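To be precise, the following lines are coords-v8.txt, and they hold compact mmCIF, C-alpha atoms.
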# COMPACT_ATOMS: atom_id res chain seq x y z
CA MET A 1 35.43 22.37 61.00
CA GLU A 2 33.23 24.85 59.14
CA ASN A 3 35.38 24.53 56.01
CA MET A 4 35.14 20.73 56.21
CA ARG A 5 31.34 20.96 56.48
CA LYS A 6 31.19 23.23 53.41
CA ARG A 7 33.45 20.88 51.47
CA LEU A 8 31.32 17.85 52.31
CA THR A 9 28.19 19.76 51.32
CA PHE A 10 29.78 20.74 48.00
CA LEU A 11 30.82 17.11 47.31
CA PHE A 12 27.31 15.91 48.17
CA VAL A 13 25.80 18.41 45.69
CA LEU A 14 28.23 17.27 42.99
CA LEU A 15 27.29 13.64 43.70
CA ILE A 16 23.57 14.42 43.34
CA ILE A 17 24.18 16.34 40.10
CA GLY A 18 26.32 13.52 38.72
CA GLN A 19 23.67 10.93 39.54
CA SER A 20 21.05 13.11 37.88
CA LEU A 21 23.12 13.48 34.72
CA PHE A 22 23.80 9.75 34.63
CA ALA A 23 20.09 9.03 35.01
CA GLN A 24 19.35 11.39 32.14
CA GLN A 25 21.92 9.67 29.94
CA LYS A 26 20.77 6.14 30.78
CA LEU A 27 18.83 5.07 27.71
CA PRO A 28 16.45 2.15 27.24
CA VAL A 29 18.07 -0.85 25.58
CA ILE A 30 16.60 -3.57 23.36
CA LYS A 31 18.50 -6.60 22.11
CA ALA A 32 18.91 -7.97 18.60
CA ARG A 33 20.69 -10.83 16.84
CA SER A 34 19.76 -9.71 13.31
CA LYS A 35 20.48 -6.29 11.80
CA ILE A 36 17.03 -6.16 10.17
CA VAL A 37 14.24 -4.42 12.10
CA ASP A 38 10.48 -4.17 11.51
CA ILE A 39 8.69 -0.95 12.45
CA ARG A 40 5.07 -0.23 13.21
CA ASP A 41 4.60 3.44 12.34
CA GLY A 42 1.13 4.45 13.44
CA ALA A 43 -1.23 2.08 11.61
CA ASN A 44 1.43 1.01 9.09
CA PHE A 45 3.51 -2.10 9.67
CA LYS A 46 6.79 -1.83 7.74
CA LYS A 47 8.46 -5.19 7.29
CA ALA A 48 12.30 -5.24 7.24
CA ILE A 49 12.37 -1.44 6.79
CA TRP A 50 15.31 -0.64 9.10
CA THR A 51 18.92 -1.83 9.24
CA ILE A 52 20.81 -1.46 12.51
CA ASN A 53 23.84 0.81 12.11
CA SER A 54 26.15 1.30 15.08
CA ASP A 55 28.36 3.78 13.17
CA LEU A 56 25.73 6.53 13.22
CA LYS A 57 25.33 8.29 16.55
CA PRO A 58 22.41 8.55 16.52
CA ASP A 59 20.74 6.74 13.63
CA VAL A 60 17.59 8.82 13.15
CA TYR A 61 14.15 7.51 12.19
CA GLN A 62 11.64 10.23 11.25
CA THR A 63 7.92 9.78 11.73
CA ASN A 64 4.78 11.87 11.65
CA SER A 65 2.71 9.27 13.47
CA ARG A 66 1.90 9.43 17.17
CA ALA A 67 3.04 5.91 18.05
CA VAL A 68 6.10 3.95 16.90
CA THR A 69 7.30 0.43 17.73
CA PHE A 70 10.66 -1.10 16.75
CA TYR A 71 10.71 -4.93 16.47
CA THR A 72 14.03 -6.76 16.39
CA ASP A 73 14.16 -10.53 15.96
CA ILE A 74 14.08 -11.00 19.76
CA ASP A 75 12.89 -7.75 21.34
CA SER A 76 10.80 -4.60 20.86
CA ILE A 77 10.30 -1.08 22.15
CA SER A 78 7.36 1.33 21.81
CA PHE A 79 7.03 5.08 22.11
CA LYS A 80 4.11 7.47 22.16
CA VAL A 81 5.58 10.42 20.31
CA LYS A 82 4.82 14.13 20.12
CA LEU A 83 5.49 16.57 17.30
CA ASN A 84 9.02 18.03 17.30
CA HIS A 85 10.17 15.74 20.15
CA LYS A 86 13.05 13.24 20.09
CA TYR A 87 13.17 9.76 21.64
CA ASP A 88 16.51 8.01 22.21
CA PHE A 89 17.27 4.33 22.82
CA ILE A 90 19.95 1.73 22.13
CA ILE A 91 19.76 -1.43 20.06
CA LEU A 92 22.36 -3.88 21.38
CA LEU A 93 23.38 -6.14 18.49
CA ASN A 94 24.75 -9.59 19.45
CA GLY A 95 25.51 -8.37 22.95
CA LYS A 96 28.37 -6.10 21.88
CA ASP A 97 27.55 -3.43 19.26
CA SER A 98 25.49 -0.51 20.60
CA ALA A 99 23.45 1.28 17.94
CA TYR A 100 22.31 4.65 19.27
CA THR A 101 18.90 5.19 17.72
CA GLN A 102 16.62 8.20 17.75
CA ILE A 103 12.99 8.66 16.75
CA VAL A 104 12.08 12.19 15.70
CA CYS A 105 8.48 13.24 15.22
CA VAL A 106 8.23 15.74 12.35
CA PRO A 107 5.22 17.36 10.63
CA SER A 108 3.54 15.16 8.02
CA TYR A 109 3.27 16.29 4.41
CA LEU A 110 -0.38 16.96 5.09
CA ASP A 111 0.54 19.12 8.11
CA ILE A 112 2.91 21.14 5.89
CA LEU A 113 0.22 21.52 3.23
CA LYS A 114 -2.36 22.66 5.77
CA LYS A 115 0.05 25.28 7.08
CA ALA A 116 0.44 26.51 3.48
CA SER A 117 -3.29 26.70 2.82
CA LYS A 118 -3.50 30.48 2.58
CA TYR A 119 -3.65 32.10 -0.85
CA ASN A 120 -4.21 35.74 -1.79
CA LEU A 121 -7.19 36.32 -4.07
CA ASN A 122 -6.21 39.99 -4.31
CA ASP A 123 -2.83 39.26 -5.90
CA LYS A 124 -3.03 41.22 -9.17
CA ARG A 125 0.41 40.37 -10.54
CA GLU A 126 0.18 39.47 -14.19
CA ILE A 127 0.98 35.95 -15.29
CA THR A 128 1.57 34.73 -18.81
CA LYS A 129 -1.62 34.00 -20.70
CA PHE A 130 -2.37 30.31 -21.19
CA THR A 131 -2.76 29.21 -24.80
CA TYR A 132 -3.51 25.84 -26.38
CA LYS A 133 -2.44 24.08 -29.57
CA PRO A 134 -5.29 24.09 -32.09
CA MET A 135 -6.73 20.78 -33.30
CA ASN A 136 -5.33 21.43 -36.79
CA ASP A 137 -1.74 21.51 -35.50
CA SER A 138 0.15 19.16 -37.82
CA ASP A 139 1.44 16.83 -35.10
CA LEU A 140 -1.95 16.69 -33.38
CA VAL A 141 -3.57 15.68 -36.69
CA VAL A 142 -1.00 12.88 -37.07
CA MET A 143 -1.65 11.68 -33.52
CA ARG A 144 -5.41 11.68 -33.95
CA THR A 145 -5.33 9.64 -37.16
CA GLU A 146 -2.34 7.33 -36.59
CA PHE A 147 -3.37 6.27 -33.08
CA LYS A 148 -7.12 6.27 -33.85
CA LEU A 149 -7.94 8.50 -30.90
CA ASP A 150 -11.58 8.93 -31.94
CA SER A 151 -12.12 5.19 -31.64
CA ILE A 152 -10.34 5.10 -28.29
CA VAL A 153 -12.62 7.69 -26.65
CA GLY A 154 -15.75 6.13 -28.10
CA THR A 155 -19.22 7.69 -28.20
CA GLY A 156 -20.04 7.97 -24.49
CA ASN A 157 -20.49 11.20 -22.56
CA GLU A 158 -17.67 13.68 -22.24
CA VAL A 159 -16.36 12.48 -18.88
CA SER A 160 -16.28 8.84 -20.02
CA GLN A 161 -14.34 9.89 -23.13
CA ILE A 162 -11.83 11.84 -21.03
CA LEU A 163 -11.31 8.82 -18.77
CA SER A 164 -11.09 6.39 -21.69
CA LEU A 165 -8.20 8.37 -23.14
CA MET A 166 -6.42 8.39 -19.77
CA HIS A 167 -6.87 4.60 -19.46
CA TRP A 168 -5.46 4.09 -22.96
CA VAL A 169 -2.31 6.14 -22.32
CA HIS A 170 -1.80 4.40 -18.97
CA ASN A 171 -2.17 0.94 -20.53
CA THR A 172 -0.12 1.67 -23.66
CA PHE A 173 2.90 3.44 -22.19
CA PRO A 174 4.38 1.83 -19.03
CA HIS A 175 5.83 4.10 -16.35
CA ASP A 176 9.44 4.09 -15.17
CA GLY A 177 10.58 7.20 -13.35
CA SER A 178 14.22 6.10 -13.29
CA LYS A 179 14.84 6.18 -17.06
CA GLU A 180 15.20 9.04 -19.49
CA ILE A 181 13.12 9.04 -22.64
CA PRO A 182 14.77 8.67 -26.10
CA ALA A 183 15.39 11.63 -28.39
CA TYR A 184 12.30 12.53 -30.39
CA THR A 185 11.15 15.04 -33.00
CA SER A 186 7.51 15.33 -31.92
CA VAL A 187 5.17 13.85 -29.33
CA SER A 188 3.73 11.48 -31.93
CA ASP A 189 7.28 10.36 -32.75
CA LEU A 190 7.90 9.76 -29.03
CA MET A 191 4.74 7.63 -28.80
CA ARG A 192 5.72 5.65 -31.87
CA ARG A 193 9.23 4.94 -30.56
CA CYS A 194 7.93 3.78 -27.20
CA ILE A 195 5.48 1.34 -28.76
CA GLN A 196 8.00 -0.03 -31.25
CA ASP A 197 10.81 -0.45 -28.71
CA HIS A 198 8.61 -1.56 -25.79
CA GLY A 199 9.93 1.45 -23.92
CA THR A 200 8.78 3.29 -20.80
CA PHE A 201 7.98 6.87 -19.88
CA HIS A 202 8.55 8.93 -16.75
CA CYS A 203 5.52 10.82 -15.39
CA GLY A 204 6.43 13.98 -17.32
CA ALA A 205 6.42 12.14 -20.66
CA LEU A 206 3.11 10.45 -19.84
CA ALA A 207 1.66 13.90 -19.13
CA TRP A 208 3.05 15.31 -22.42
CA VAL A 209 1.47 12.47 -24.37
CA LEU A 210 -1.95 12.59 -22.71
CA ASN A 211 -1.99 16.38 -22.85
CA ASP A 212 -1.47 16.35 -26.62
CA CYS A 213 -4.03 13.57 -27.05
CA TYR A 214 -6.63 15.73 -25.32
CA LEU A 215 -5.66 18.74 -27.43
CA ALA A 216 -5.87 16.63 -30.59
CA LEU A 217 -9.51 15.88 -29.78
CA GLY A 218 -10.38 19.47 -28.96
CA TRP A 219 -10.18 19.56 -25.17
CA LYS A 220 -8.28 22.36 -23.46
CA SER A 221 -5.61 20.65 -21.40
CA ARG A 222 -2.59 21.57 -19.31
CA HIS A 223 0.51 19.67 -18.27
CA VAL A 224 0.72 20.32 -14.52
CA ILE A 225 3.83 19.82 -12.39
CA CYS A 226 3.03 19.33 -8.70
CA LEU A 227 5.93 20.44 -6.52
CA PRO A 228 7.04 19.95 -2.88
CA LYS A 229 8.13 22.68 -0.50
CA ASP A 230 11.49 21.05 0.29
CA SER A 231 14.10 22.53 -2.06
CA THR A 232 16.24 19.39 -1.72
CA ASP A 233 13.39 17.07 -2.75
CA PHE A 234 13.51 16.55 -6.51
CA ASP A 235 10.68 14.03 -6.52
CA CYS A 236 7.77 15.95 -8.04
CA HIS A 237 4.84 14.60 -10.05
CA SER A 238 3.30 15.49 -13.42
CA ILE A 239 -0.42 15.12 -14.03
CA ILE A 240 -3.05 16.64 -16.33
CA SER A 241 -5.72 19.26 -15.82
CA VAL A 242 -8.28 18.90 -18.61
CA TYR A 243 -11.29 21.21 -18.94
CA SER A 244 -14.71 19.56 -19.04
CA LYS A 245 -17.34 21.68 -20.75
CA THR A 246 -20.19 19.59 -19.37
CA MET A 247 -18.93 19.91 -15.79
CA ASN A 248 -17.73 23.47 -16.38
CA LYS A 249 -14.42 22.94 -14.59
CA TRP A 250 -10.92 21.49 -14.73
CA LEU A 251 -10.47 17.81 -13.85
CA TRP A 252 -7.63 15.97 -12.07
CA ILE A 253 -6.27 13.30 -14.43
CA ASP A 254 -3.15 11.22 -13.62
CA PRO A 255 -2.00 8.88 -16.43
CA THR A 256 0.88 7.47 -14.37
CA ASN A 257 -1.48 5.98 -11.80
CA ASP A 258 -4.62 5.77 -13.97
CA ALA A 259 -6.14 7.98 -11.29
CA TYR A 260 -8.88 10.52 -10.85
CA VAL A 261 -10.42 11.86 -7.64
CA MET A 262 -14.05 12.29 -6.60
CA ASN A 263 -16.09 13.83 -3.80
CA GLU A 264 -18.57 11.92 -1.66
CA LYS A 265 -21.19 12.28 -4.43
CA GLY A 266 -18.94 10.61 -7.01
CA GLU A 267 -18.29 13.86 -8.88
CA LEU A 268 -14.85 14.27 -10.41
CA LEU A 269 -12.70 16.96 -8.81
CA SER A 270 -10.13 19.46 -10.03
CA ILE A 271 -6.59 19.81 -8.70
CA ALA A 272 -7.66 22.93 -6.78
CA GLU A 273 -10.61 21.09 -5.24
CA VAL A 274 -8.48 18.12 -4.18
CA ARG A 275 -5.95 20.42 -2.53
CA GLU A 276 -8.68 22.35 -0.70
CA ARG A 277 -10.31 19.13 0.51
CA LEU A 278 -7.00 17.77 1.78
CA VAL A 279 -6.39 20.98 3.72
CA ASN A 280 -9.88 21.04 5.22
CA ASP A 281 -10.25 17.31 5.92
CA LYS A 282 -13.13 16.87 3.51
CA PRO A 283 -13.95 13.44 2.01
CA LEU A 284 -11.98 12.28 -1.02
CA ILE A 285 -12.55 9.15 -3.09
CA LEU A 286 -9.88 7.67 -5.36
CA ASN A 287 -11.10 5.57 -8.27
CA PRO A 288 -10.77 1.90 -7.27
CA GLU A 289 -8.90 0.86 -10.43
CA ALA A 290 -6.01 3.29 -9.78
CA ASN A 291 -2.76 1.34 -10.16
CA TRP A 292 0.91 1.43 -11.07
CA ASN A 293 1.67 -0.50 -14.28
CA HIS A 294 -1.02 -3.04 -13.28
CA ARG A 295 1.48 -4.44 -10.79
CA SER A 296 0.25 -2.78 -7.62
CA SER A 297 -2.82 -0.92 -6.48
CA VAL A 298 -2.64 2.76 -5.57
CA THR A 299 -4.26 3.52 -2.22
CA LYS A 300 -5.93 6.76 -1.26
CA GLU A 301 -3.92 7.05 1.96
CA ASP A 302 -0.51 6.76 0.32
CA TYR A 303 -1.33 8.54 -2.95
CA LEU A 304 -3.41 11.50 -1.73
CA TYR A 305 -2.58 11.98 1.96
CA ASN A 306 1.14 11.34 1.62
CA TYR A 307 2.58 11.56 -1.91
CA MET A 308 0.30 14.20 -3.42
CA ALA A 309 -0.03 16.12 -0.13
CA LYS A 310 3.75 16.56 -0.42
CA ASN A 311 3.56 17.54 -4.08
CA LEU A 312 0.64 19.97 -3.95
CA TYR A 313 2.58 22.65 -2.11
CA ALA A 314 3.27 24.57 -5.34
CA ILE A 315 1.79 24.03 -8.80
CA GLN A 316 3.44 24.83 -12.12
CA CYS A 317 1.77 24.90 -15.55
CA TYR A 318 3.36 25.45 -18.92
CA VAL A 319 1.52 28.28 -20.63
CA THR A 320 1.25 26.63 -24.05
CA GLY A 321 -0.79 23.46 -23.98
CA GLY A 322 1.52 20.83 -25.42
CA GLY A 323 4.62 23.03 -25.16
CA GLU A 324 7.34 23.48 -22.59
CA SER A 325 8.69 27.00 -22.64
CA LYS A 326 7.25 29.64 -20.34
CA SER A 327 5.27 28.66 -17.29
CA ASN A 328 3.19 30.03 -14.42
CA LEU A 329 3.68 29.03 -10.80
CA LEU A 330 1.01 29.08 -8.08
CA LEU A 331 2.49 29.54 -4.61
CA PRO A 332 0.95 29.78 -1.12
CA VAL A 333 1.35 33.15 0.61
CA GLU A 334 3.81 31.75 3.18
CA TYR A 335 6.42 30.96 0.50
CA LYS A 336 8.60 33.88 -0.50
CA GLY A 337 10.47 33.70 -3.79
CA ILE A 338 10.55 30.95 -6.39
CA ILE A 339 10.71 27.20 -5.82
CA PRO A 340 14.43 26.52 -6.52
CA ARG A 341 13.94 23.78 -9.09
CA THR A 342 11.80 26.09 -11.27
CA ARG A 343 14.41 28.85 -11.59
CA GLU A 344 15.73 27.60 -14.92
CA ASN A 345 12.54 28.49 -16.81
CA LYS A 346 11.74 31.55 -14.64
CA PRO A 347 7.99 31.12 -14.18
CA GLN A 348 5.60 33.98 -13.52
CA CYS A 349 4.50 33.62 -9.91
CA THR A 350 1.12 34.26 -8.34
CA ASN A 351 -0.63 33.66 -5.01
CA ASN A 352 -4.03 33.92 -6.70
CA PRO A 353 -5.57 30.52 -7.58
CA ASN A 354 -8.53 32.15 -9.34
CA LEU A 355 -6.15 33.77 -11.80
CA PHE A 356 -4.06 30.63 -12.18
CA TRP A 357 -7.05 28.29 -12.69
CA ALA A 358 -9.12 30.65 -14.86
CA LYS A 359 -11.42 28.99 -17.39
CA PRO A 360 -9.95 28.64 -20.89
CA GLU A 361 -11.04 31.26 -23.37
What is this file in structure tokens?
Amino acid sequence: MENMRKRLTFLFVLLIIGQSLFAQQKLPVIKARSKIVDIRDGANFKKAIWTINSDLKPDVYQTNSRAVTFYTDIDSISFKVKLNHKYDFIILLNGKDSAYTQIVCVPSYLDILKKASKYNLNDKREITKFTYKPMNDSDLVVMRTEFKLDSIVGTGNEVSQILSLMHWVHNTFPHDGSKEIPAYTSVSDLMRRCIQDHGTFHCGALAWVLNDCYLALGWKSRHVICLPKDSTDFDCHSIISVYSKTMNKWLWIDPTNDAYVMNEKGELLSIAEVRERLVNDKPLILNPEANWNHRSSVTKEDYLYNYMAKNLYAIQCYVTGGGESKSNLLLPVEYKGIIPRTRENKPQCTNNPNLFWAKPE
């Protein structure tokens, strides 16, 4: 009798455990007739952004928002999400195909940048000295005369001239990041070929061109490559850092997006200042005419708080203005080693932004 009682107790415990496990595995279900799904990710509504796939188990959607809603053509489901948590559900397509779907909340690019905010002003490692092509460089002289750069910048103040040159490069050379540029013998030759053949440039070529245009008119300028932390992410962005004598600092200039960045007073900012303001949640203003190929506007939220927050983790500059040989690399203290995609040209690394962004001599 005692053995029977123990056996019944054991079976009862197994039953309770089984019911508990089943309850844990029972996932919410939404129905769909179409494979196309809309998603509201935080404040952003993404039309037709998701395709139901029952082969993946689970099919993972990553977010850094705190609220996500999936909308099928006939149903919806919402989650309030927390960082580093997972949320599972099933989309039942046409009453038969179960698509196991998972929402994962991961750190945003801005979160990653904030975590990497710390530099080391006491880092005394030597980096390669920055130098700049002189105005009398033969190719710079050709550029200045052939493309009438003096007329392009006009007779306004220094900042207006700097911006006028950026606008001209942006308007003259369309951007296409998916195509390689043609073979060329000099930057002026590259410009000439693009105009004649109605070609396009990737962001690196746009930076090369604008950098040499600034040098041709006597400004100290650097081609800057803004890099992400993720070693598998090969989407970086090239912009310009040009030194303004009247403002006594470097300025953020992006010919791809016809973009510059200001503080709440309307003063133009440097790359270092933009990064610091992103990290510390200080106000940033993007110029209202910022655009991509005059086809779409560039918004502050997407450009600064997403795309450039990703690409301001590490910053690389070629040490010869207008050249592409040796380079210096500014890294946050948390990153040990060299960003993988920069290994080919073996940059000199530093954690000291004051050394990296020193005024030109």
Exercise. Rounded to one decimal place, report the CA of Tyr119 in chain A-CA of Pro332 in chain A distance in Å.
Key: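 So the answer is 5.2 Å.
In this structure, CA of Gly199 in chain A sits 25.7 Å away from CA of Gln161 in chain A.
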Exercise. Extract, using only C-alpha atoms, all DNA, RNA and protein residues at most 8 Å from range 302-307 of chain A, discarding same-chain residues fewer than 2 positions from it, and format them as a VMD selection string.
Key: chain A and resid 108 to 110 278 298 to 300 309 to 311
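Checking A:Leu268, A:Phe234, A:Ile225, A:Glu361 one by one against Ala314 in chain A, counting all atoms listed in the file, you find the shortest gap at A:Ile225.
Distances here use all atoms listed in the file; by that measure, the residue among A:Ser76, A:Ser296, A:Ser160, A:Ser221 closest to Trp252 in chain A is A:Ser221.
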Quiz prompt | From A:Pro255, A:Pro340, A:Pro347, A:Gly266, residue lying nearest Ala207 in chain A [all atoms listed in the file] | solution =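 With all atoms listed in the file as the atom set, the closest residue is A:Pro255.
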Quiz prompt | Polymer residues at most 8 Å from Leu331 in chain A, all atoms listed in the file, same-chain spacing of 3 or more positions, as number ranges by chain | solution = A: 119, 313-315, 335, 349-351
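Interatomic distance, CA of Thr155 in chain A to CA of Thr200 in chain A: 29.3 Å.
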Exercise. Quick one: everything within 10 Å of Cys105 in chain A, counting all atoms listed in the file, minus sequence neighbours fewer than 3 positions away in the same chain. Send it as a ChimeraX atom specification.
Key: /A:61-68,81-87,102,108
Exercise. Write out as a PyMOL selection string the residues lying within 8 Å of range 209-219 of chain A, counting all atoms listed in the file and excluding same-chain residues fewer than 3 positions away.
Key: chain A and resi 132-136+140-141+143-144+149-150+162+165-166+169+187-188+191+205-206+222-223+240+242-244+255+321-322
